[in-house]
Protein chains: 2
Amino acid sequence: MKPTVIGSPLGGGVVPLGQRRPLIVKKFGGTSVAGIDRIRRIARIALECQRAGNDVVVVVSAMAGETDRLLKLAHQLLPLPDSRELDVIAATGEQVSVALTALAIQAEGGQAFSLLGHQLPVLTDKAFTRARIQWVEQGPIRRALARGQIAVVAGFQGVDAENNITTLGRGGSDTTAVAVAAALRADVCEIYTDVDGVYTADPRVCPSGRKLSAVSYEEMLELASLGAKVLQVRSVEIAMKYEVPVHVRSSFSEEEGTRILPREQVLEARRLSGLACERGQARVELLGVECSPEQVAELTDLLAELNVSVDMLCHARCSPESTQANINFTLPEGDLRRSLQSLEQFTTRLGARELRVSDGLAKVSLVGIGLRSDPGIAARLCRCLNQHGISVSGLVVNELRVSCLVDAAAADQAVRLLHDLFGLAGEAPVMEPMTSSAPA
Amino acid sequence: MKPTVIGSPLGGGVVPLGQRRPLIVKKFGGTSVAGIDRIRRIARIALECQRAGNDVVVVVSAMAGETDRLLKLAHQLLPLPDSRELDVIAATGEQVSVALTALAIQAEGGQAFSLLGHQLPVLTDKAFTRARIQWVEQGPIRRALARGQIAVVAGFQGVDAENNITTLGRGGSDTTAVAVAAALRADVCEIYTDVDGVYTADPRVCPSGRKLSAVSYEEMLELASLGAKVLQVRSVEIAMKYEVPVHVRSSFSEEEGTRILPREQVLEARRLSGLACERGQARVELLGVECSPEQVAELTDLLAELNVSVDMLCHARCSPESTQANINFTLPEGDLRRSLQSLEQFTTRLGARELRVSDGLAKVSLVGIGLRSDPGIAARLCRCLNQHGISVSGLVVNELRVSCLVDAAAADQAVRLLHDLFGLAGEAPVMEPMTSSAPA
């Protein structure tokens, strides 16, 4: 048996067993629960971890595909079904998973106790299908752990203050896992995925993409927001707020994955952490709007009301002496389709000269702490893409990222070019894992 | 539009609309929710009833077959899965049904609000997979009705005092419906089934079997206990205790079905209400037991502990001067297999002379209020069967029923013979519905 880590696996060293059992939250996604054999595998991973001296909480998603079939039935009934009822259906997927996982643990000789969103409860706001966690009650989990059980918690689901069932949106089980880890002050939250960590660039696009051993919360937040699908954005926000050590790792191997940590714990040697690419983007340009700060506010109000995910919003005078300005921003193509009519009405109301929209774009983003100290990076990026005939139709730079908008067809090439340009492949691993997590 | 009934449809006459909206609980079983088209049908039935001026609560079961598939997965993991976790899985079936039914009502232009067992709550004891309802909170349903919504309640499921999910056993949705109707003091609880009422005998066995227009709670309780599968026994118990008017009717027609009512409301003309037949029965005989009241108590303790469903238990001295007695009883064949070893040990401990078991039997029961006043009925029954070469291997007579044990192969013939013998087909309908229920 390996020595067990006590306290934060990132903070302290190895402390002998006996003072406090380390607490490990393990989250398994939809592909990890797809079928009895995979569920048995989760059970063995959890039990091995428990037998090594840890308290273990398992958070599971629905079996891949299961709930989709049921939700399709709902859409057969109504084109725009009531989201409260959709959540009632959607929550059944995880309900089945927790019970099967608990049974699998029992089948392997362990003890387990399933807990649903309303049984903890995981308290959320009232935004059905995309609710945000407000509070996780830890009592039921603590009691299960005290009985020697592995607590198996349903991901993705919660209840609002009126006990309506809510769900957290795509990838919501990550958020459940991190929120549970935060509530319990877990030593680590291990996110098992079908990739083995966070990469400098998607290795399917960029063969020289390299797995990062560690990345800061802030960088991960940018990467997740910009299309790196490893973690739900909200889960990273919660991890950052409560400083939950997160470990993104493979369901299929015991290799070390990527640690997500406070910035000061990520060694400074690496300045750029990776490239993210988000396809299916559209760009909206409102040209010749009479200048007034009111108008930008009105526009953002409208976009918030339409629940549109806006990025790269920019407001600039047409020329220094003009009283007119242009406003432009990007949004997912689906959001554009939904909101085009409202945008057209808004344009007319504003008396703007022209509304111009374009789609088929991709947003390629370079993320890293190093961007703060080197404003020249954006310029090098643009020059490189231009030299290779890739036109950049939008650019934003902030403390942690540079994002540029390119034609979707050129996105892969842009990722490969920039990966080379900024030496992301060549950089030596900047941080070795400081401690191993408990065996899994 | 038909006039709407106010107050108990059994108690008072027709009162003009406006004083209080009548409240109708409608329960739909698994075959009624099997598929989108059938769910739409439920929606239309419920809406038509609401539009006629009633408050409507719909109780639904799981889509037939849906949960069975999931429970099979559980049994793949463990031969004897933890019943707490089984209930977590089993409850998802109704969870999907309520949401789809609510959406179907919305799709038809109505308003609906789904409610799960834990959202009411339907409070039960802790007996997972066969829990008993202790309390139904009516608040959430009342609030939904006050908002003009149809409340769609999940049948079959509840929660215990610790918020564990429980289920009520086979046919449990009937019990949910009647318990909800009792809590709300509903005017009627309509049970939609794939038969159109309660029959004097199963028409598939006995072509002259006739639908009863009304039957008392007590008779229905006997019929349900004795294998008439129309209603779960527990639902009849609750209906009787709280005097909930129940109407068993067809999902496929608007015809009047069978009313289940207090005894005094069933007109006295009919003395015998029907024949029930329960197959798969076994008989146990403990021969030569030393007489002592203790032994019967010990035996029934043992049987209760084994959770065996015992009927026709009889304890009698071998002869008037003997100090030894014989004990015999019937039980379902499955229960016998489960408990045979314990029964053998018990026989040895008791020093009984012999344990004799036989299976492949059927219990044929004649049920009716009239039995009270005519002890000769049992004798006529036995004589008739004997004359036709059917040997009766056990007989009990009580206030409301005569049950006899015959070879399973002879059961159908016995039902037909007794149906004729007691003129069940020929009897004129003894009770016309006193009032119509609200249109459905």
# chains A, B, ... in the order shown; residues from 1 in each chain; ligands from 1

$ interface_residues --of "chain B" --to "chain A" --cutoff "7 Å" --atoms "only C-alpha atoms" --output "PDB file with all heavy atoms, in the first residue's frame"
ATOM      1  N   ALA B  74     -29.378  -3.821 -12.904  1.00  0.00           N
ATOM      2  CA  ALA B  74     -29.044  -3.936 -11.484  1.00  0.00           C
ATOM      3  C   ALA B  74     -28.825  -5.399 -11.102  1.00  0.00           C
ATOM      4  O   ALA B  74     -27.887  -5.728 -10.371  1.00  0.00           O
ATOM      5  CB  ALA B  74     -30.147  -3.319 -10.631  1.00  0.00           C
ATOM      6  N   LEU B  77     -25.534  -6.842 -11.953  1.00  0.00           N
ATOM      7  CA  LEU B  77     -24.430  -6.487 -11.055  1.00  0.00           C
ATOM      8  C   LEU B  77     -24.426  -7.365  -9.816  1.00  0.00           C
ATOM      9  O   LEU B  77     -23.368  -7.737  -9.315  1.00  0.00           O
ATOM     10  CB  LEU B  77     -24.555  -5.019 -10.634  1.00  0.00           C
ATOM     11  CG  LEU B  77     -24.152  -3.989 -11.683  1.00  0.00           C
ATOM     12  CD1 LEU B  77     -24.610  -2.604 -11.274  1.00  0.00           C
ATOM     13  CD2 LEU B  77     -22.646  -4.015 -11.898  1.00  0.00           C
ATOM     14  N   LEU B  78     -25.595  -7.669  -9.303  1.00  0.00           N
ATOM     15  CA  LEU B  78     -25.717  -8.398  -8.042  1.00  0.00           C
ATOM     16  C   LEU B  78     -26.939  -9.295  -8.128  1.00  0.00           C
ATOM     17  O   LEU B  78     -27.990  -8.862  -8.580  1.00  0.00           O
ATOM     18  CB  LEU B  78     -25.971  -7.403  -6.894  1.00  0.00           C
ATOM     19  CG  LEU B  78     -24.809  -6.762  -6.164  1.00  0.00           C
ATOM     20  CD1 LEU B  78     -25.336  -5.724  -5.205  1.00  0.00           C
ATOM     21  CD2 LEU B  78     -23.984  -7.790  -5.435  1.00  0.00           C
ATOM     22  N   PRO B  81     -29.726  -7.388  -5.314  1.00  0.00           N
ATOM     23  CA  PRO B  81     -29.288  -5.995  -5.162  1.00  0.00           C
ATOM     24  C   PRO B  81     -29.955  -5.326  -3.958  1.00  0.00           C
ATOM     25  O   PRO B  81     -31.076  -5.676  -3.595  1.00  0.00           O
ATOM     26  CB  PRO B  81     -29.753  -5.330  -6.453  1.00  0.00           C
ATOM     27  CG  PRO B  81     -30.264  -6.410  -7.344  1.00  0.00           C
ATOM     28  CD  PRO B  81     -30.600  -7.571  -6.473  1.00  0.00           C
ATOM     29  N   ASP B  82     -29.237  -4.397  -3.384  1.00  0.00           N
ATOM     30  CA  ASP B  82     -29.713  -3.552  -2.287  1.00  0.00           C
ATOM     31  C   ASP B  82     -31.042  -2.908  -2.688  1.00  0.00           C
ATOM     32  O   ASP B  82     -31.134  -2.229  -3.695  1.00  0.00           O
ATOM     33  CB  ASP B  82     -28.637  -2.483  -2.060  1.00  0.00           C
ATOM     34  CG  ASP B  82     -28.998  -1.518  -0.958  1.00  0.00           C
ATOM     35  OD1 ASP B  82     -29.959  -1.797  -0.216  1.00  0.00           O
ATOM     36  OD2 ASP B  82     -28.310  -0.489  -0.840  1.00  0.00           O
ATOM     37  N   GLU B  85     -31.273   0.920  -3.396  1.00  0.00           N
ATOM     38  CA  GLU B  85     -30.794   1.384  -4.701  1.00  0.00           C
ATOM     39  C   GLU B  85     -31.762   0.971  -5.816  1.00  0.00           C
ATOM     40  O   GLU B  85     -31.953   1.697  -6.785  1.00  0.00           O
ATOM     41  CB  GLU B  85     -29.381   0.863  -4.982  1.00  0.00           C
ATOM     42  CG  GLU B  85     -28.328   1.263  -3.928  1.00  0.00           C
ATOM     43  CD  GLU B  85     -28.164   2.776  -3.734  1.00  0.00           C
ATOM     44  OE1 GLU B  85     -28.550   3.539  -4.642  1.00  0.00           O
ATOM     45  OE2 GLU B  85     -27.673   3.185  -2.668  1.00  0.00           O
ATOM     46  N   VAL B  88     -34.300   3.578  -6.110  1.00  0.00           N
ATOM     47  CA  VAL B  88     -33.805   4.788  -6.782  1.00  0.00           C
ATOM     48  C   VAL B  88     -33.966   4.631  -8.292  1.00  0.00           C
ATOM     49  O   VAL B  88     -34.416   5.539  -8.990  1.00  0.00           O
ATOM     50  CB  VAL B  88     -32.322   5.047  -6.406  1.00  0.00           C
ATOM     51  CG1 VAL B  88     -31.743   6.174  -7.258  1.00  0.00           C
ATOM     52  CG2 VAL B  88     -32.203   5.381  -4.926  1.00  0.00           C
ATOM     53  N   ILE B  89     -33.640   3.443  -8.776  1.00  0.00           N
ATOM     54  CA  ILE B  89     -33.787   3.186 -10.212  1.00  0.00           C
ATOM     55  C   ILE B  89     -35.267   3.110 -10.589  1.00  0.00           C
ATOM     56  O   ILE B  89     -35.713   3.750 -11.547  1.00  0.00           O
ATOM     57  CB  ILE B  89     -33.089   1.864 -10.602  1.00  0.00           C
ATOM     58  CG1 ILE B  89     -31.586   1.974 -10.371  1.00  0.00           C
ATOM     59  CG2 ILE B  89     -33.376   1.512 -12.070  1.00  0.00           C
ATOM     60  CD1 ILE B  89     -30.824   0.682 -10.556  1.00  0.00           C
ATOM     61  N   THR B  92     -37.400   6.186 -11.382  1.00  0.00           N
ATOM     62  CA  THR B  92     -37.182   7.029 -12.561  1.00  0.00           C
ATOM     63  C   THR B  92     -38.287   6.832 -13.601  1.00  0.00           C
ATOM     64  O   THR B  92     -38.563   7.739 -14.374  1.00  0.00           O
ATOM     65  CB  THR B  92     -35.826   6.745 -13.254  1.00  0.00           C
ATOM     66  OG1 THR B  92     -35.775   5.379 -13.669  1.00  0.00           O
ATOM     67  CG2 THR B  92     -34.670   7.036 -12.318  1.00  0.00           C
ATOM     68  N   GLN B  95     -40.974   9.171 -12.956  1.00  0.00           N
ATOM     69  CA  GLN B  95     -40.438  10.529 -13.089  1.00  0.00           C
ATOM     70  C   GLN B  95     -40.519  10.984 -14.549  1.00  0.00           C
ATOM     71  O   GLN B  95     -40.889  12.124 -14.835  1.00  0.00           O
ATOM     72  CB  GLN B  95     -38.989  10.541 -12.570  1.00  0.00           C
ATOM     73  CG  GLN B  95     -38.382  11.928 -12.512  1.00  0.00           C
ATOM     74  CD  GLN B  95     -37.149  11.981 -11.614  1.00  0.00           C
ATOM     75  OE1 GLN B  95     -36.996  11.179 -10.681  1.00  0.00           O
ATOM     76  NE2 GLN B  95     -36.265  12.922 -11.883  1.00  0.00           N
ATOM     77  N   VAL B  96     -40.175  10.086 -15.448  1.00  0.00           N
ATOM     78  CA  VAL B  96     -40.275  10.405 -16.877  1.00  0.00           C
ATOM     79  C   VAL B  96     -41.745  10.570 -17.274  1.00  0.00           C
ATOM     80  O   VAL B  96     -42.106  11.522 -17.970  1.00  0.00           O
ATOM     81  CB  VAL B  96     -39.603   9.292 -17.719  1.00  0.00           C
ATOM     82  CG1 VAL B  96     -39.896   9.488 -19.198  1.00  0.00           C
ATOM     83  CG2 VAL B  96     -38.101   9.278 -17.465  1.00  0.00           C
ATOM     84  N   ALA B  99     -43.381  13.985 -16.292  1.00  0.00           N
ATOM     85  CA  ALA B  99     -42.913  15.126 -17.082  1.00  0.00           C
ATOM     86  C   ALA B  99     -43.514  15.069 -18.485  1.00  0.00           C
ATOM     87  O   ALA B  99     -43.996  16.079 -19.006  1.00  0.00           O
ATOM     88  CB  ALA B  99     -41.387  15.136 -17.144  1.00  0.00           C
ATOM     89  N   LEU B 100     -43.513  13.887 -19.092  1.00  0.00           N
ATOM     90  CA  LEU B 100     -44.075  13.774 -20.444  1.00  0.00           C
ATOM     91  C   LEU B 100     -45.575  14.070 -20.424  1.00  0.00           C
ATOM     92  O   LEU B 100     -46.098  14.734 -21.328  1.00  0.00           O
ATOM     93  CB  LEU B 100     -43.807  12.382 -21.029  1.00  0.00           C
ATOM     94  CG  LEU B 100     -42.344  12.073 -21.400  1.00  0.00           C
ATOM     95  CD1 LEU B 100     -42.210  10.641 -21.903  1.00  0.00           C
ATOM     96  CD2 LEU B 100     -41.811  13.045 -22.453  1.00  0.00           C
ATOM     97  N   LEU B 103     -46.052  17.776 -20.132  1.00  0.00           N
ATOM     98  CA  LEU B 103     -45.754  18.416 -21.426  1.00  0.00           C
ATOM     99  C   LEU B 103     -46.878  18.169 -22.430  1.00  0.00           C
ATOM    100  O   LEU B 103     -47.231  19.061 -23.208  1.00  0.00           O
ATOM    101  CB  LEU B 103     -44.422  17.893 -21.974  1.00  0.00           C
ATOM    102  CG  LEU B 103     -43.164  18.357 -21.220  1.00  0.00           C
ATOM    103  CD1 LEU B 103     -41.929  17.626 -21.730  1.00  0.00           C
ATOM    104  CD2 LEU B 103     -42.973  19.861 -21.346  1.00  0.00           C
ATOM    105  N   ALA B 104     -47.428  16.963 -22.407  1.00  0.00           N
ATOM    106  CA  ALA B 104     -48.523  16.647 -23.347  1.00  0.00           C
ATOM    107  C   ALA B 104     -49.729  17.534 -23.056  1.00  0.00           C
ATOM    108  O   ALA B 104     -50.402  18.012 -23.984  1.00  0.00           O
ATOM    109  CB  ALA B 104     -48.896  15.172 -23.241  1.00  0.00           C
ATOM    110  N   ALA B 107     -48.930  20.810 -24.431  1.00  0.00           N
ATOM    111  CA  ALA B 107     -49.001  20.758 -25.895  1.00  0.00           C
ATOM    112  C   ALA B 107     -50.445  20.876 -26.383  1.00  0.00           C
ATOM    113  O   ALA B 107     -50.703  21.392 -27.477  1.00  0.00           O
ATOM    114  CB  ALA B 107     -48.374  19.469 -26.412  1.00  0.00           C
ATOM    115  N   GLN B 119     -41.553  15.404  -3.784  1.00  0.00           N
ATOM    116  CA  GLN B 119     -41.937  16.810  -3.871  1.00  0.00           C
ATOM    117  C   GLN B 119     -43.259  17.091  -3.174  1.00  0.00           C
ATOM    118  O   GLN B 119     -43.516  18.219  -2.787  1.00  0.00           O
ATOM    119  CB  GLN B 119     -41.989  17.243  -5.344  1.00  0.00           C
ATOM    120  CG  GLN B 119     -40.597  17.382  -5.943  1.00  0.00           C
ATOM    121  CD  GLN B 119     -40.606  17.698  -7.424  1.00  0.00           C
ATOM    122  OE1 GLN B 119     -41.439  17.179  -8.157  1.00  0.00           O
ATOM    123  NE2 GLN B 119     -39.688  18.531  -7.861  1.00  0.00           N
ATOM    124  N   ASN B 163     -35.880  10.807   3.808  1.00  0.00           N
ATOM    125  CA  ASN B 163     -35.796  11.258   2.418  1.00  0.00           C
ATOM    126  C   ASN B 163     -35.157  10.238   1.484  1.00  0.00           C
ATOM    127  O   ASN B 163     -34.665  10.580   0.417  1.00  0.00           O
ATOM    128  CB  ASN B 163     -35.046  12.606   2.345  1.00  0.00           C
ATOM    129  CG  ASN B 163     -35.522  13.445   1.171  1.00  0.00           C
ATOM    130  OD1 ASN B 163     -36.616  13.212   0.645  1.00  0.00           O
ATOM    131  ND2 ASN B 163     -34.721  14.386   0.730  1.00  0.00           N
TER     132      ASN B 163
END

$ closest_atom_pairs --of "region 251-365 of chain B" --to "region 194-211 of chain B" --cutoff "10 Å" --atoms "only C-alpha atoms" --output "CSV"
residue,atom,partner,partner_atom,distance
B:Ser251,CA,B:Asp194,CA,6.1
B:Phe252,CA,B:Asp194,CA,7.4
B:Ser253,CA,B:Asp196,CA,8.1
B:Glu254,CA,B:Asp196,CA,9.4
B:Glu255,CA,B:Asp196,CA,7.8
B:Glu256,CA,B:Asp196,CA,8.0
B:Gly257,CA,B:Gly197,CA,4.6
B:Thr258,CA,B:Gly197,CA,4.8
B:Arg259,CA,B:Gly197,CA,8.4
B:Ile260,CA,B:Val198,CA,9.4
B:Leu272,CA,B:Thr200,CA,8.6
B:Ser273,CA,B:Thr200,CA,5.9
B:Gly274,CA,B:Thr200,CA,3.7
B:Leu275,CA,B:Ala201,CA,5.0
B:Ala276,CA,B:Ala201,CA,6.3
B:Cys277,CA,B:Ala201,CA,8.3

$ residues_around --residues "Val367 (chain B)" --least-positions-apart "5" --cutoff "12 Å" --atoms "only C-alpha atoms" --output "CSV table (one decimal) with N, CA, C and O atoms, in the first residue's frame"
chain,number,residue,atom,x,y,z
B,199,TYR,N,-65.4,-7.7,-12.8
B,199,TYR,CA,-66.3,-8.7,-13.3
B,199,TYR,C,-66.7,-9.7,-12.3
B,199,TYR,O,-65.9,-10.0,-11.3
B,200,THR,N,-67.8,-10.3,-12.5
B,200,THR,CA,-68.2,-11.4,-11.6
B,200,THR,C,-67.2,-12.6,-11.7
B,200,THR,O,-67.0,-13.4,-10.8
B,201,ALA,N,-66.6,-12.7,-12.9
B,201,ALA,CA,-65.5,-13.7,-13.1
B,201,ALA,C,-64.8,-13.2,-14.3
B,201,ALA,O,-65.3,-12.5,-15.2
B,215,VAL,N,-69.6,-2.3,-6.3
B,215,VAL,CA,-69.1,-3.4,-5.4
B,215,VAL,C,-68.7,-2.7,-4.1
B,215,VAL,O,-68.2,-1.5,-4.1
B,216,SER,N,-68.9,-3.3,-2.9
B,216,SER,CA,-68.5,-2.6,-1.7
B,216,SER,C,-67.0,-2.7,-1.5
B,216,SER,O,-66.3,-3.6,-2.1
B,217,TYR,N,-66.4,-1.8,-0.7
B,217,TYR,CA,-65.0,-1.9,-0.3
B,217,TYR,C,-64.6,-3.2,0.2
B,217,TYR,O,-63.6,-3.8,-0.2
B,218,GLU,N,-65.4,-3.8,1.1
B,218,GLU,CA,-65.1,-5.1,1.7
B,218,GLU,C,-65.0,-6.2,0.6
B,218,GLU,O,-64.1,-7.0,0.6
B,219,GLU,N,-66.0,-6.2,-0.3
B,219,GLU,CA,-65.9,-7.2,-1.3
B,219,GLU,C,-64.7,-7.0,-2.2
B,219,GLU,O,-64.1,-8.0,-2.6
B,220,MET,N,-64.5,-5.8,-2.6
B,220,MET,CA,-63.4,-5.5,-3.5
B,220,MET,C,-62.1,-5.9,-2.8
B,220,MET,O,-61.2,-6.4,-3.5
B,221,LEU,N,-62.0,-5.7,-1.5
B,221,LEU,CA,-60.8,-6.1,-0.8
B,221,LEU,C,-60.6,-7.6,-0.9
B,221,LEU,O,-59.5,-8.0,-1.1
B,222,GLU,N,-61.6,-8.3,-0.7
B,222,GLU,CA,-61.5,-9.8,-0.8
B,222,GLU,C,-61.1,-10.1,-2.3
B,222,GLU,O,-60.2,-10.9,-2.5
B,223,LEU,N,-61.8,-9.5,-3.2
B,223,LEU,CA,-61.6,-9.9,-4.6
B,223,LEU,C,-60.1,-9.5,-5.0
B,223,LEU,O,-59.4,-10.3,-5.6
B,224,ALA,N,-59.6,-8.4,-4.5
B,224,ALA,CA,-58.2,-8.0,-4.9
B,224,ALA,C,-57.2,-8.9,-4.2
B,224,ALA,O,-56.3,-9.3,-4.8
B,225,SER,N,-57.5,-9.2,-2.9
B,225,SER,CA,-56.6,-10.2,-2.2
B,225,SER,C,-56.6,-11.5,-2.9
B,225,SER,O,-55.6,-12.2,-2.8
B,226,LEU,N,-57.7,-11.9,-3.5
B,226,LEU,CA,-57.8,-13.2,-4.0
B,226,LEU,C,-57.5,-13.3,-5.5
B,226,LEU,O,-57.8,-14.3,-6.2
B,227,GLY,N,-56.8,-12.3,-6.0
B,227,GLY,CA,-56.3,-12.5,-7.4
B,227,GLY,C,-57.0,-11.7,-8.5
B,227,GLY,O,-56.6,-11.8,-9.6
B,228,ALA,N,-58.0,-11.0,-8.1
B,228,ALA,CA,-58.6,-10.1,-9.2
B,228,ALA,C,-57.6,-8.9,-9.3
B,228,ALA,O,-57.4,-8.2,-8.3
B,270,ARG,N,-78.0,-7.7,-4.5
B,270,ARG,CA,-77.0,-8.7,-4.9
B,270,ARG,C,-76.4,-9.3,-3.7
B,270,ARG,O,-75.8,-8.6,-2.8
B,271,ARG,N,-76.3,-10.6,-3.6
B,271,ARG,CA,-75.7,-11.2,-2.5
B,271,ARG,C,-74.3,-11.7,-2.8
B,271,ARG,O,-73.5,-11.7,-1.9
B,272,LEU,N,-74.1,-12.0,-4.0
B,272,LEU,CA,-72.7,-12.5,-4.4
B,272,LEU,C,-72.2,-11.6,-5.5
B,272,LEU,O,-72.8,-11.3,-6.4
B,273,SER,N,-70.9,-11.2,-5.2
B,273,SER,CA,-70.4,-10.2,-6.2
B,273,SER,C,-69.5,-10.8,-7.2
B,273,SER,O,-69.4,-10.3,-8.3
B,274,GLY,N,-68.8,-11.9,-6.9
B,274,GLY,CA,-68.0,-12.4,-8.0
B,274,GLY,C,-67.1,-13.6,-7.6
B,274,GLY,O,-67.1,-14.0,-6.4
B,275,LEU,N,-66.4,-14.1,-8.6
B,275,LEU,CA,-65.5,-15.2,-8.4
B,275,LEU,C,-64.1,-14.8,-8.7
B,275,LEU,O,-63.9,-14.2,-9.8
B,276,ALA,N,-63.2,-15.0,-7.8
B,276,ALA,CA,-61.8,-14.7,-8.1
B,276,ALA,C,-61.0,-16.0,-8.2
B,276,ALA,O,-61.4,-17.0,-7.6
B,277,CYS,N,-59.9,-16.0,-8.9
B,277,CYS,CA,-59.2,-17.2,-9.1
B,277,CYS,C,-57.7,-16.8,-9.0
B,277,CYS,O,-57.2,-16.0,-9.8
B,372,ARG,N,-72.7,-14.0,4.4
B,372,ARG,CA,-73.0,-13.9,5.8
B,372,ARG,C,-74.2,-14.6,6.2
B,372,ARG,O,-74.3,-15.3,7.3
B,377,ILE,N,-74.1,-22.0,1.3
B,377,ILE,CA,-73.4,-21.8,0.1
B,377,ILE,C,-72.1,-22.6,0.0
B,377,ILE,O,-71.8,-23.2,-1.1
B,378,ALA,N,-71.4,-22.7,1.1
B,378,ALA,CA,-70.1,-23.5,1.0
B,378,ALA,C,-70.4,-24.9,0.7
B,378,ALA,O,-69.7,-25.6,-0.1
B,396,VAL,N,-62.0,-22.6,3.1
B,396,VAL,CA,-62.3,-21.7,4.2
B,396,VAL,C,-63.5,-20.9,3.9
B,396,VAL,O,-63.8,-20.6,2.8
B,397,VAL,N,-64.2,-20.6,4.9
B,397,VAL,CA,-65.4,-19.8,4.8
B,397,VAL,C,-65.3,-18.7,5.8
B,397,VAL,O,-65.0,-18.9,7.0
B,398,ASN,N,-65.5,-17.4,5.3
B,398,ASN,CA,-65.7,-16.4,6.3
B,398,ASN,C,-66.8,-15.5,5.9
B,398,ASN,O,-67.6,-15.8,5.0
B,399,GLU,N,-67.0,-14.4,6.6
B,399,GLU,CA,-68.1,-13.5,6.4
B,399,GLU,C,-68.4,-13.2,4.9
B,399,GLU,O,-69.5,-13.1,4.4
B,400,LEU,N,-67.3,-12.9,4.2
B,400,LEU,CA,-67.4,-12.4,2.8
B,400,LEU,C,-67.0,-13.3,1.7
B,400,LEU,O,-67.1,-13.0,0.6
B,401,ARG,N,-66.4,-14.4,2.1
B,401,ARG,CA,-65.9,-15.3,1.0
B,401,ARG,C,-65.9,-16.8,1.4
B,401,ARG,O,-65.8,-17.1,2.6
B,402,VAL,N,-66.0,-17.6,0.3
B,402,VAL,CA,-65.7,-19.0,0.4
B,402,VAL,C,-64.5,-19.2,-0.5
B,402,VAL,O,-64.6,-18.9,-1.7
B,403,SER,N,-63.4,-19.8,0.0
B,403,SER,CA,-62.3,-20.1,-0.9
B,403,SER,C,-62.1,-21.6,-0.9
B,403,SER,O,-62.1,-22.2,0.2
B,404,CYS,N,-61.8,-22.2,-2.1
B,404,CYS,CA,-61.5,-23.6,-2.1
B,404,CYS,C,-60.3,-23.8,-2.9
B,404,CYS,O,-60.0,-23.0,-3.8
B,418,LEU,N,-69.1,-22.7,-10.9
B,418,LEU,CA,-69.6,-21.9,-9.8
B,418,LEU,C,-70.4,-20.6,-10.3
B,418,LEU,O,-71.3,-20.2,-9.6
B,419,HIS,N,-69.9,-20.1,-11.3
B,419,HIS,CA,-70.5,-18.9,-11.9
B,419,HIS,C,-72.0,-19.2,-12.3
B,419,HIS,O,-72.9,-18.5,-12.0
B,422,PHE,N,-74.2,-20.3,-9.0
B,422,PHE,CA,-74.7,-19.2,-8.2
B,422,PHE,C,-75.4,-18.1,-9.0
B,422,PHE,O,-75.7,-17.0,-8.4
B,424,LEU,N,-74.5,-16.0,-11.2
B,424,LEU,CA,-73.8,-14.7,-11.3
B,424,LEU,C,-74.0,-14.0,-12.6
B,424,LEU,O,-74.1,-12.8,-12.7

$ residues_around --residues "Ser61 (chain A)" --least-positions-apart "5" --cutoff "10 Å" --atoms "only C-alpha atoms" --output "list in words"
Lys27, Phe28, Gly29, Gly30, Thr31, Ser32, Val33, Ala34, Ala91, Gly93, Glu94, Gln95, Val96, Ser97, Val98, Val153, Ala154, Gly155, Phe156, Gln157, Gly171, Gly172, Ser173, Asp174 and Thr176 of chain A

$ select_by_dssp --residues "region 143-368 of chain A" --states "strand (DSSP E)" --output "PyMOL selection string"
chain A and resi 150-154+157-159+165-167+188-193+214-216+246-250+258-261+274-290+311-317+324-332+354-367

$ closest_residue --among "A:Pro320, A:Phe329, A:Ala425, A:Val284" --to "Leu212 (chain A)" --atoms "only C-alpha atoms"
A:Ala425

$ closest_residue --among "B:Gly139, B:His315, B:Leu343, B:Gln387" --to "Asp301 (chain B)" --atoms "only C-alpha atoms"
B:Leu343

$ select_by_dssp --residues "region 120-178 of chain A" --states "helix (DSSP H, G or I)" --output "list in words"
Gly139, Pro140, Ile141, Arg142, Arg143, Ala144, Leu145, Ala146, Gly172, Ser173, Asp174, Thr175, Thr176, Ala177 and Val178 of chain A

$ residues_around --residues "region 288-298 of chain B" --least-positions-apart "5" --cutoff "8 Å" --atoms "only C-alpha atoms" --output "ChimeraX atom specification"
/B:315,317-318,323-327,350-354

$ atom_distance --atom1 "CA of Ala177 (chain B)" --atom2 "CA of Cys189 (chain B)"
6.9 Å
